[in-house]
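A.B. asks: Structure supplied as target.cif; contents: mmCIF, C-alpha atoms.
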data_final
loop_
_atom_site.label_atom_id
_atom_site.label_comp_id
_atom_site.auth_asym_id
_atom_site.auth_seq_id
_atom_site.Cartn_x
_atom_site.Cartn_y
_atom_site.Cartn_z
CA MET A 1 12.95 58.73 161.60
CA SER A 2 16.25 58.56 163.44
CA MET A 3 16.95 60.49 166.61
CA LYS A 4 18.39 63.96 166.11
CA LEU A 5 21.57 64.90 167.97
CA ALA A 6 21.93 68.56 168.95
CA ARG A 7 25.00 70.16 170.50
CA SER A 8 23.87 73.79 170.58
CA VAL A 9 20.93 75.76 171.91
CA ALA A 10 20.42 77.18 168.42
CA GLU A 11 19.93 73.69 166.98
CA VAL A 12 17.41 72.83 169.71
CA ARG A 13 15.46 76.05 169.22
CA ALA A 14 15.30 75.60 165.44
CA GLN A 15 13.90 72.07 165.77
CA VAL A 16 11.47 73.07 168.52
CA ASN A 17 10.16 75.90 166.33
CA HIS A 18 9.62 73.40 163.51
CA TRP A 19 7.71 71.05 165.81
CA ARG A 20 5.63 73.89 167.20
CA ALA A 21 4.69 75.01 163.70
CA ALA A 22 3.41 71.47 163.08
CA GLY A 23 1.30 71.66 166.24
CA ASP A 24 3.35 69.15 168.23
CA ASN A 25 3.65 69.31 172.01
CA ILE A 26 7.06 68.67 173.59
CA ALA A 27 8.42 66.96 176.69
CA VAL A 28 11.95 67.02 178.07
CA VAL A 29 13.81 64.52 180.25
CA PRO A 30 16.94 66.14 181.74
CA THR A 31 19.70 63.64 182.58
CA MET A 32 23.42 63.43 183.28
CA GLY A 33 23.73 60.27 181.22
CA ALA A 34 24.83 56.81 182.39
CA LEU A 35 21.26 55.86 181.57
CA HIS A 36 19.50 52.96 183.24
CA GLU A 37 15.95 51.65 183.44
CA GLY A 38 14.98 54.45 185.81
CA HIS A 39 15.84 57.06 183.19
CA LEU A 40 14.05 55.06 180.52
CA SER A 41 10.91 55.02 182.68
CA LEU A 42 10.98 58.82 182.51
CA VAL A 43 11.36 58.67 178.74
CA ARG A 44 8.38 56.32 178.43
CA ALA A 45 6.28 58.52 180.70
CA ALA A 46 7.21 61.52 178.55
CA LYS A 47 6.32 59.68 175.36
CA GLY A 48 2.92 58.93 176.85
CA ARG A 49 2.27 62.63 177.29
CA ALA A 50 3.88 64.38 174.33
CA LYS A 51 4.27 64.02 170.57
CA ARG A 52 7.96 64.95 170.75
CA VAL A 53 10.49 64.00 173.43
CA ILE A 54 13.87 65.63 174.02
CA VAL A 55 16.37 63.99 176.36
CA THR A 56 19.22 66.17 177.57
CA LEU A 57 22.61 64.76 178.53
CA PHE A 58 24.88 67.09 180.47
CA VAL A 59 27.12 66.25 183.41
CA ASN A 60 26.66 69.57 185.17
CA PRO A 61 29.87 70.61 186.96
CA SER A 62 28.15 73.32 189.00
CA GLN A 63 26.13 70.79 191.02
CA PHE A 64 29.17 68.82 192.16
CA ASN A 65 30.81 70.06 195.35
CA ASN A 66 33.43 67.31 195.13
CA ALA A 67 35.86 67.31 192.18
CA GLU A 68 36.61 63.62 192.65
CA ASP A 69 32.90 62.75 192.45
CA LEU A 70 32.62 64.76 189.22
CA ALA A 71 35.66 62.99 187.75
CA LYS A 72 34.29 59.56 188.68
CA TYR A 73 30.79 60.17 187.34
CA PRO A 74 30.16 57.48 184.68
CA ARG A 75 30.05 58.72 181.09
CA ASP A 76 29.18 56.73 177.95
CA GLU A 77 27.37 58.92 175.44
CA ALA A 78 27.38 56.30 172.68
CA ALA A 79 25.66 53.71 174.87
CA ASP A 80 23.19 56.32 176.14
CA ALA A 81 22.36 57.39 172.59
CA ALA A 82 21.75 53.78 171.57
CA ARG A 83 19.32 53.29 174.45
CA LEU A 84 17.45 56.45 173.55
CA GLU A 85 17.33 55.56 169.86
CA ALA A 86 15.73 52.24 170.84
CA GLU A 87 13.08 54.18 172.77
CA HIS A 88 12.37 56.34 169.68
CA VAL A 89 13.37 59.59 171.36
CA ASP A 90 13.12 62.50 168.94
CA MET A 91 16.18 64.46 170.05
CA LEU A 92 19.24 64.06 172.25
CA PHE A 93 20.62 67.42 173.36
CA ALA A 94 24.19 66.89 174.52
CA PRO A 95 25.93 70.25 174.93
CA ASP A 96 29.43 70.78 176.25
CA VAL A 97 30.31 72.96 179.22
CA ALA A 98 31.17 75.97 177.04
CA GLU A 99 27.72 75.86 175.45
CA MET A 100 25.95 75.81 178.80
CA TYR A 101 28.29 78.16 180.63
CA PRO A 102 29.90 80.48 178.06
CA ASP A 103 32.60 82.98 179.00
CA GLY A 104 31.22 85.59 181.35
CA PHE A 105 28.35 83.46 182.65
CA ALA A 106 27.40 85.08 185.95
CA THR A 107 23.87 84.04 186.93
CA THR A 108 22.78 81.56 189.59
CA VAL A 109 19.25 80.38 190.38
CA SER A 110 18.83 79.67 194.09
CA VAL A 111 15.74 78.20 195.73
CA SER A 112 15.71 78.86 199.48
CA ARG A 113 14.14 76.70 202.19
CA LEU A 114 13.43 73.62 200.04
CA SER A 115 17.13 73.35 199.21
CA GLU A 116 18.20 73.63 202.84
CA GLY A 117 18.77 70.56 205.00
CA LEU A 118 18.92 66.96 203.77
CA CYS A 119 21.22 66.82 200.72
CA GLY A 120 21.54 70.60 200.77
CA ALA A 121 23.22 70.50 204.18
CA HIS A 122 25.80 67.96 203.06
CA ARG A 123 26.43 69.21 199.52
CA PRO A 124 26.90 73.00 199.69
CA GLY A 125 25.94 74.71 196.45
CA HIS A 126 24.54 71.52 194.93
CA PHE A 127 20.97 72.72 194.53
CA ASP A 128 22.03 76.11 193.20
CA GLY A 129 23.81 74.18 190.44
CA VAL A 130 20.77 71.99 189.83
CA ALA A 131 18.34 74.92 189.83
CA THR A 132 20.49 76.93 187.45
CA VAL A 133 21.04 74.21 184.87
CA VAL A 134 17.43 72.97 184.97
CA THR A 135 16.13 76.51 184.52
CA LYS A 136 18.37 76.83 181.45
CA LEU A 137 17.24 73.47 180.04
CA LEU A 138 13.56 74.30 180.52
CA LEU A 139 13.99 77.62 178.73
CA GLN A 140 16.25 76.18 176.01
CA THR A 141 13.85 73.37 175.10
CA GLN A 142 10.64 75.38 175.72
CA SER A 143 8.95 72.13 176.65
CA ASP A 144 5.37 71.73 177.79
CA ALA A 145 6.31 69.12 180.41
CA ALA A 146 9.51 67.98 182.11
CA PHE A 147 9.98 64.59 183.77
CA PHE A 148 12.05 63.85 186.89
CA GLY A 149 12.38 60.80 189.13
CA GLU A 150 11.03 60.76 192.67
CA LYS A 151 14.23 59.08 193.90
CA ASP A 152 15.75 62.58 193.98
CA TYR A 153 12.77 63.89 195.91
CA GLN A 154 14.37 67.05 197.27
CA GLN A 155 15.58 67.90 193.77
CA LEU A 156 12.06 67.36 192.40
CA SER A 157 10.66 69.68 195.06
CA VAL A 158 13.23 72.37 194.25
CA ILE A 159 12.47 72.17 190.53
CA ARG A 160 8.72 72.38 191.06
CA ARG A 161 9.23 75.51 193.15
CA LEU A 162 11.57 77.25 190.69
CA ALA A 163 9.19 76.62 187.77
CA ARG A 164 6.32 78.01 189.82
CA ASP A 165 8.22 80.99 191.19
CA LEU A 166 9.79 82.00 187.87
CA ASP A 167 6.54 81.51 185.90
CA ILE A 168 8.13 79.03 183.51
CA PRO A 169 5.21 77.59 181.51
CA VAL A 170 6.05 73.92 182.00
CA GLU A 171 4.44 71.08 183.93
CA ILE A 172 6.91 69.36 186.24
CA VAL A 173 6.05 65.65 186.40
CA GLY A 174 7.40 63.35 189.10
CA VAL A 175 7.80 59.67 188.15
CA PRO A 176 7.94 56.92 190.82
CA THR A 177 11.32 55.44 191.72
CA VAL A 178 12.33 52.40 189.68
CA ARG A 179 13.95 49.66 191.74
CA GLU A 180 16.06 46.59 191.12
CA ALA A 181 14.48 43.22 191.90
CA ASP A 182 15.96 43.34 195.42
CA GLY A 183 14.54 46.81 196.13
CA LEU A 184 17.62 48.97 195.56
CA ALA A 185 16.71 52.27 193.94
CA MET A 186 18.25 52.46 190.49
CA SER A 187 21.10 54.96 190.28
CA SER A 188 24.00 55.63 187.96
CA ARG A 189 26.25 55.38 191.00
CA ASN A 190 25.27 51.76 191.72
CA VAL A 191 27.82 50.53 189.19
CA ARG A 192 30.59 51.78 191.49
CA LEU A 193 29.62 49.36 194.28
CA SER A 194 31.74 46.25 194.81
CA GLY A 195 30.00 42.89 194.64
CA ALA A 196 29.79 42.63 198.44
CA ALA A 197 28.51 46.19 198.81
CA ARG A 198 25.92 45.66 196.09
CA ARG A 199 24.52 42.79 198.16
CA GLN A 200 24.34 45.06 201.21
CA ALA A 201 22.86 48.04 199.37
CA PRO A 202 19.15 46.99 199.48
CA ALA A 203 19.26 47.46 203.27
CA MET A 204 18.47 51.15 202.70
CA ALA A 205 15.16 50.48 200.97
CA GLU A 206 14.32 47.81 203.52
CA ALA A 207 15.06 50.12 206.46
CA LEU A 208 13.03 52.99 205.02
CA THR A 209 10.09 50.77 204.16
CA ALA A 210 10.04 49.24 207.62
CA ALA A 211 10.38 52.59 209.36
CA GLY A 212 7.67 54.13 207.21
CA ALA A 213 5.27 51.31 208.01
CA ALA A 214 6.09 51.64 211.72
CA ILE A 215 5.36 55.37 211.68
CA GLU A 216 2.10 54.80 209.81
CA ALA A 217 1.18 52.22 212.47
CA GLY A 218 1.70 54.80 215.23
CA GLN A 219 5.31 54.33 216.34
CA PRO A 220 6.95 57.61 217.36
CA VAL A 221 8.88 59.16 214.50
CA ALA A 222 12.11 59.51 216.49
CA ALA A 223 12.10 55.87 217.53
CA ALA A 224 11.39 54.60 214.02
CA THR A 225 14.05 56.74 212.36
CA GLU A 226 16.67 55.89 214.96
CA ALA A 227 16.00 52.17 214.53
CA ALA A 228 16.35 52.56 210.75
CA ARG A 229 19.60 54.47 211.13
CA ALA A 230 21.02 51.80 213.44
CA GLY A 231 19.91 49.10 211.03
CA LEU A 232 21.81 50.69 208.14
CA LEU A 233 25.00 50.89 210.16
CA LYS A 234 24.58 47.27 211.24
CA GLU A 235 24.14 46.18 207.61
CA GLY A 236 27.43 47.73 206.53
CA TYR A 237 26.73 51.34 205.66
CA SER A 238 29.65 53.39 206.97
CA ASP A 239 27.91 56.72 207.55
CA VAL A 240 24.29 57.85 207.56
CA GLU A 241 24.23 61.51 206.59
CA TYR A 242 20.54 61.85 207.31
CA LEU A 243 17.44 59.75 207.79
CA GLU A 244 14.50 62.04 208.40
CA LEU A 245 10.74 62.36 208.03
CA ARG A 246 9.79 65.51 206.14
CA ASP A 247 6.51 67.04 204.95
CA ALA A 248 5.88 65.85 201.39
CA GLU A 249 5.17 69.35 200.11
CA THR A 250 7.23 71.76 202.20
CA LEU A 251 10.06 69.39 203.26
CA GLU A 252 9.77 70.79 206.78
CA PRO A 253 10.74 68.28 209.52
CA VAL A 254 7.86 66.17 210.82
CA SER A 255 7.70 64.91 214.40
CA LYS A 256 4.12 63.61 214.22
CA LEU A 257 2.45 62.13 211.14
CA GLU A 258 -0.58 64.27 210.31
CA ARG A 259 -0.05 65.03 206.60
CA PRO A 260 1.52 63.14 203.69
CA ALA A 261 5.26 62.87 204.36
CA ARG A 262 8.45 61.44 202.93
CA LEU A 263 11.06 59.44 204.79
CA LEU A 264 14.37 60.35 203.16
CA ALA A 265 17.89 59.03 203.66
CA ALA A 266 21.42 59.45 202.37
CA ALA A 267 24.21 57.11 203.44
CA TRP A 268 27.64 55.94 202.34
CA LEU A 269 28.45 52.38 201.32
CA ASP A 270 31.77 51.27 199.88
CA GLY A 271 32.73 54.89 199.21
CA VAL A 272 29.51 55.54 197.28
CA ARG A 273 26.82 57.95 198.42
CA LEU A 274 23.33 56.45 198.00
CA ILE A 275 19.98 58.17 198.51
CA ASP A 276 16.41 56.91 198.67
CA ASN A 277 12.98 57.85 200.03
CA VAL A 278 9.54 56.39 200.60
CA ALA A 279 6.10 57.92 201.01
CA VAL A 280 4.61 57.87 204.51
CA LEU A 281 0.89 58.54 204.71
CA PRO A 282 -1.38 59.26 207.70
CA GLY A 283 -4.33 56.98 208.28
CA ILE A 284 -2.69 53.94 206.65
CA GLY A 285 -1.95 51.97 209.82
CA SER A 286 -1.82 48.23 209.30
CA ALA A 287 -3.57 48.52 205.91
CA ARG A 288 -0.27 48.96 204.03
#
Mind converting the file's structure to structure tokens?
C.D. replies:
Amino acid sequence: MSMKLARSVAEVRAQVNHWRAAGDNIAVVPTMGALHEGHLSLVRAAKGRAKRVIVTLFVNPSQFNNAEDLAKYPRDEAADAARLEAEHVDMLFAPDVAEMYPDGFATTVSVSRLSEGLCGAHRPGHFDGVATVVTKLLLQTQSDAAFFGEKDYQQLSVIRRLARDLDIPVEIVGVPTVREADGLAMSSRNVRLSGAARRQAPAMAEALTAAGAAIEAGQPVAAATEAARAGLLKEGYSDVEYLELRDAETLEPVSKLERPARLLAAAWLDGVRLIDNVAVLPGIGSAR
């Protein structure tokens, strides 16, 4: 059976009701398109957990605080649809802005604390936009589970909190970051890197991995993060917005490794903002 294409919430709801009547469970993979292997890993994880899989494609204007970044965001719905058809996705929901934000739309979902700092400090309003659109997508699709990549770790944390706080009956599933052969975290923005910058880009993953191992081995957090920051600048990154160790659950800053943590970074290379993170675990030491 070919993949269904829905443009309206009414179409999605009608199909979901049909699947529910048949006893099928449903998973959703929210995306902004420009699909790559990282997105497809979410689709495959979803297919392993649910009878029916919906992928959403919506470049959400409310999460962009830079009009130029929104304009440059890669879009190719036909190619995305072909990739999803090959993965045997059941439905692609690709609404337009008017469907998602009709005239008079006046509601914003805001998750405090988790959305502050890190990307939230450098992209004002970004996580309000994310939280609002994801809340809508979860309610529109009425899915049993929703799949998100760990590359956007702060986003994943915000979404887990909003689903919990708003009693949305959905399991939020985090899927490990998918990387290129040289370690670069897959991202739709990678295609905007020049050839030279693409060769420099893996320095972020290398710096985070080395700093994480150093912290696990007992090096002071401040020393390890400062060395990683300096390394990125040396390798060609023009600006490091943040490179910080945060608690894996609360995202509170960590100065001493005592609980599972995440080392997160955002930096600019060749005019492109890249993000990445790695897990940092106490008691690992030289065993990593």
A.B. asks: Would you give me, as a Markdown table, each residue of range 142-224 of chain A having an atom within 12 Å of an atom of range 252-275 of chain A, along with its shortest atom pair and that distance in Å to one decimal, using all atoms listed in the file and sorting by chain and residue number?
C.D. replies:
| residue | atom | partner | partner_atom | distance |
| --- | --- | --- | --- | --- |
| A:Glu150 | CA | A:Arg262 | CA | 10.6 |
| A:Lys151 | CA | A:Ile275 | CA | 7.4 |
| A:Asp152 | CA | A:Ile275 | CA | 7.6 |
| A:Tyr153 | CA | A:Leu264 | CA | 8.2 |
| A:Gln154 | CA | A:Leu264 | CA | 8.9 |
| A:Gln155 | CA | A:Ile275 | CA | 11.7 |
| A:Ser157 | CA | A:Arg262 | CA | 11.6 |
| A:Thr177 | CA | A:Ile275 | CA | 11.3 |
| A:Leu184 | CA | A:Leu274 | CA | 9.7 |
| A:Ala185 | CA | A:Ile275 | CA | 8.1 |
| A:Met186 | CA | A:Leu274 | CA | 9.9 |
| A:Ser187 | CA | A:Leu274 | CA | 8.2 |
| A:Ser188 | CA | A:Leu274 | CA | 10.1 |
| A:Arg189 | CA | A:Val272 | CA | 7.1 |
| A:Asn190 | CA | A:Val272 | CA | 7.9 |
| A:Val191 | CA | A:Val272 | CA | 9.7 |
| A:Arg192 | CA | A:Val272 | CA | 7.0 |
| A:Leu193 | CA | A:Asp270 | CA | 6.3 |
| A:Ser194 | CA | A:Asp270 | CA | 7.1 |
| A:Gly195 | CA | A:Asp270 | CA | 10.0 |
| A:Ala196 | CA | A:Asp270 | CA | 9.0 |
| A:Ala197 | CA | A:Asp270 | CA | 6.1 |
| A:Arg198 | CA | A:Leu269 | CA | 8.9 |
| A:Arg199 | CA | A:Leu269 | CA | 10.8 |
| A:Gln200 | CA | A:Leu269 | CA | 8.4 |
| A:Ala201 | CA | A:Leu269 | CA | 7.3 |
| A:Pro202 | CA | A:Leu274 | CA | 10.4 |
| A:Ala203 | CA | A:Leu269 | CA | 10.6 |
| A:Met204 | CA | A:Ala265 | CA | 8.0 |
| A:Ala205 | CA | A:Ala265 | CA | 9.4 |
| A:Glu206 | CA | A:Ala265 | CA | 11.8 |
| A:Ala207 | CA | A:Ala265 | CA | 9.8 |
| A:Leu208 | CA | A:Leu263 | CA | 6.7 |
| A:Thr209 | CA | A:Leu263 | CA | 8.7 |
| A:Ala210 | CA | A:Leu263 | CA | 10.6 |
| A:Ala211 | CA | A:Leu263 | CA | 8.3 |
| A:Gly212 | CA | A:Leu263 | CA | 6.7 |
| A:Ala213 | CA | A:Leu263 | CA | 10.5 |
| A:Ala214 | CA | A:Leu257 | CA | 11.1 |
| A:Ile215 | CA | A:Leu257 | CA | 7.4 |
| A:Glu216 | CA | A:Leu257 | CA | 7.5 |
| A:Ala217 | CA | A:Leu257 | CA | 10.1 |
| A:Gly218 | CA | A:Leu257 | CA | 8.4 |
| A:Gln219 | CA | A:Lys256 | CA | 9.6 |
| A:Pro220 | CA | A:Lys256 | CA | 7.3 |
| A:Val221 | CA | A:Ser255 | CA | 5.9 |
| A:Ala222 | CA | A:Ser255 | CA | 7.3 |
| A:Ala223 | CA | A:Ser255 | CA | 10.5 |
| A:Ala224 | CA | A:Leu263 | CA | 10.4 |
A.B. asks: Output the selection as a PDB file, keeping the file's coordinate frame - C-alpha atoms for each residue.
C.D. replies:
ATOM      1  CA  GLU A 150      11.030  60.760 192.670  1.00  0.00           C
ATOM      2  CA  LYS A 151      14.230  59.080 193.900  1.00  0.00           C
ATOM      3  CA  ASP A 152      15.750  62.580 193.980  1.00  0.00           C
ATOM      4  CA  TYR A 153      12.770  63.890 195.910  1.00  0.00           C
ATOM      5  CA  GLN A 154      14.370  67.050 197.270  1.00  0.00           C
ATOM      6  CA  GLN A 155      15.580  67.900 193.770  1.00  0.00           C
ATOM      7  CA  SER A 157      10.660  69.680 195.060  1.00  0.00           C
ATOM      8  CA  THR A 177      11.320  55.440 191.720  1.00  0.00           C
ATOM      9  CA  LEU A 184      17.620  48.970 195.560  1.00  0.00           C
ATOM     10  CA  ALA A 185      16.710  52.270 193.940  1.00  0.00           C
ATOM     11  CA  MET A 186      18.250  52.460 190.490  1.00  0.00           C
ATOM     12  CA  SER A 187      21.100  54.960 190.280  1.00  0.00           C
ATOM     13  CA  SER A 188      24.000  55.630 187.960  1.00  0.00           C
ATOM     14  CA  ARG A 189      26.250  55.380 191.000  1.00  0.00           C
ATOM     15  CA  ASN A 190      25.270  51.760 191.720  1.00  0.00           C
ATOM     16  CA  VAL A 191      27.820  50.530 189.190  1.00  0.00           C
ATOM     17  CA  ARG A 192      30.590  51.780 191.490  1.00  0.00           C
ATOM     18  CA  LEU A 193      29.620  49.360 194.280  1.00  0.00           C
ATOM     19  CA  SER A 194      31.740  46.250 194.810  1.00  0.00           C
ATOM     20  CA  GLY A 195      30.000  42.890 194.640  1.00  0.00           C
ATOM     21  CA  ALA A 196      29.790  42.630 198.440  1.00  0.00           C
ATOM     22  CA  ALA A 197      28.510  46.190 198.810  1.00  0.00           C
ATOM     23  CA  ARG A 198      25.920  45.660 196.090  1.00  0.00           C
ATOM     24  CA  ARG A 199      24.520  42.790 198.160  1.00  0.00           C
ATOM     25  CA  GLN A 200      24.340  45.060 201.210  1.00  0.00           C
ATOM     26  CA  ALA A 201      22.860  48.040 199.370  1.00  0.00           C
ATOM     27  CA  PRO A 202      19.150  46.990 199.480  1.00  0.00           C
ATOM     28  CA  ALA A 203      19.260  47.460 203.270  1.00  0.00           C
ATOM     29  CA  MET A 204      18.470  51.150 202.700  1.00  0.00           C
ATOM     30  CA  ALA A 205      15.160  50.480 200.970  1.00  0.00           C
ATOM     31  CA  GLU A 206      14.320  47.810 203.520  1.00  0.00           C
ATOM     32  CA  ALA A 207      15.060  50.120 206.460  1.00  0.00           C
ATOM     33  CA  LEU A 208      13.030  52.990 205.020  1.00  0.00           C
ATOM     34  CA  THR A 209      10.090  50.770 204.160  1.00  0.00           C
ATOM     35  CA  ALA A 210      10.040  49.240 207.620  1.00  0.00           C
ATOM     36  CA  ALA A 211      10.380  52.590 209.360  1.00  0.00           C
ATOM     37  CA  GLY A 212       7.670  54.130 207.210  1.00  0.00           C
ATOM     38  CA  ALA A 213       5.270  51.310 208.010  1.00  0.00           C
ATOM     39  CA  ALA A 214       6.090  51.640 211.720  1.00  0.00           C
ATOM     40  CA  ILE A 215       5.360  55.370 211.680  1.00  0.00           C
ATOM     41  CA  GLU A 216       2.100  54.800 209.810  1.00  0.00           C
ATOM     42  CA  ALA A 217       1.180  52.220 212.470  1.00  0.00           C
ATOM     43  CA  GLY A 218       1.700  54.800 215.230  1.00  0.00           C
ATOM     44  CA  GLN A 219       5.310  54.330 216.340  1.00  0.00           C
ATOM     45  CA  PRO A 220       6.950  57.610 217.360  1.00  0.00           C
ATOM     46  CA  VAL A 221       8.880  59.160 214.500  1.00  0.00           C
ATOM     47  CA  ALA A 222      12.110  59.510 216.490  1.00  0.00           C
ATOM     48  CA  ALA A 223      12.100  55.870 217.530  1.00  0.00           C
ATOM     49  CA  ALA A 224      11.390  54.600 214.020  1.00  0.00           C
TER      50      ALA A 224
END
A.B. asks: Can you build me a table of range 95-214 of chain A residues sitting at most 9 Å from range 10-19 of chain A, with the closest atom pair per residue and its distance in Å to one decimal, using only C-alpha atoms, sorted by chain and residue number, as a tab-separated table?
C.D. replies:
residue	atom	partner	partner_atom	distance
A:Gln140	CA	A:Arg13	CA	6.8
A:Thr141	CA	A:Val12	CA	6.5
A:Gln142	CA	A:Val16	CA	7.6
A:Ser143	CA	A:Val16	CA	8.6
A.B. asks: Could you check which residues have any atom within 12 Å of (17.0, 59.3, 171.4), counting all atoms listed in the file with coordinates taken straight from the file, and then list them as a PyMOL selection string?
C.D. replies: chain A and resi 1-6+28-29+33+35+40+43-44+47+52-57+77-94
A.B. asks: Kindly give the distance, in Å, that separates CA of Gly104 in chain A and CA of Pro169 in chain A, rounded to a single decimal.
C.D. replies: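 Atom-to-atom, CA of Gly104 in chain A and CA of Pro169 in chain A are spaced 27.2 Å apart.
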A.B. asks: Would you compute the distance between CA of Gly183 in chain A and CA of Arg75 in chain A? Give it in Å to one decimal.
C.D. replies: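 Distance between the two atoms: 24.7 Å.
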A.B. asks: With the file shown as input, list the residues that the PyMOL selection byres ((chain A and resi 49) around 10) selects, as an MDAnalysis selection string.
C.D. replies: chainID A and resid 25:27 44:48 50:53 144:145
A.B. asks: Take every atom of range 263-275 of chain A listed in the file, pad by 6 Å on each side, and give me the axis-aligned box centre and edge lengths in Å, one decimal, as AutoDock Vina command-line options.
C.D. replies:
--center_x 21.9 --center_y 55.8 --center_z 201.0 --size_x 33.7 --size_y 21.1 --size_z 19.5
A.B. asks: Figure out the distance between CA of Ala71 in chain A and CA of Leu232 in chain A, please, to one decimal in Å.
C.D. replies: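 Separation between CA of Leu232 in chain A and CA of Ala71 in chain A: 27.5 Å.
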A.B. asks: Which residues match the PyMOL selection byres ((chain A and resi 123) around 12) in the file above, as a PDB file with C-alpha atoms, keeping the file's coordinate frame?
C.D. replies:
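The resulting file, part_18.pdb, is reproduced below:
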ATOM      1  CA  SER A  62      28.150  73.320 189.000  1.00  0.00           C
ATOM      2  CA  GLN A  63      26.130  70.790 191.020  1.00  0.00           C
ATOM      3  CA  PHE A  64      29.170  68.820 192.160  1.00  0.00           C
ATOM      4  CA  ASN A  65      30.810  70.060 195.350  1.00  0.00           C
ATOM      5  CA  ASN A  66      33.430  67.310 195.130  1.00  0.00           C
ATOM      6  CA  ASP A  69      32.900  62.750 192.450  1.00  0.00           C
ATOM      7  CA  SER A 115      17.130  73.350 199.210  1.00  0.00           C
ATOM      8  CA  GLU A 116      18.200  73.630 202.840  1.00  0.00           C
ATOM      9  CA  GLY A 117      18.770  70.560 205.000  1.00  0.00           C
ATOM     10  CA  LEU A 118      18.920  66.960 203.770  1.00  0.00           C
ATOM     11  CA  CYS A 119      21.220  66.820 200.720  1.00  0.00           C
ATOM     12  CA  GLY A 120      21.540  70.600 200.770  1.00  0.00           C
ATOM     13  CA  ALA A 121      23.220  70.500 204.180  1.00  0.00           C
ATOM     14  CA  HIS A 122      25.800  67.960 203.060  1.00  0.00           C
ATOM     15  CA  PRO A 124      26.900  73.000 199.690  1.00  0.00           C
ATOM     16  CA  GLY A 125      25.940  74.710 196.450  1.00  0.00           C
ATOM     17  CA  HIS A 126      24.540  71.520 194.930  1.00  0.00           C
ATOM     18  CA  PHE A 127      20.970  72.720 194.530  1.00  0.00           C
ATOM     19  CA  ASP A 128      22.030  76.110 193.200  1.00  0.00           C
ATOM     20  CA  GLY A 129      23.810  74.180 190.440  1.00  0.00           C
ATOM     21  CA  VAL A 130      20.770  71.990 189.830  1.00  0.00           C
ATOM     22  CA  GLU A 241      24.230  61.510 206.590  1.00  0.00           C
ATOM     23  CA  ALA A 266      21.420  59.450 202.370  1.00  0.00           C
ATOM     24  CA  ARG A 273      26.820  57.950 198.420  1.00  0.00           C
TER      25      ARG A 273
END
A.B. asks: Taking into account only C-alpha atoms, which residue in the set A:Gly283, A:Gly231, A:Gly174, A:Gly236 is nearest to Ser41 in chain A?
C.D. replies: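 Ranked by minimum distance to Ser41 in chain A, first place goes to A:Gly174.
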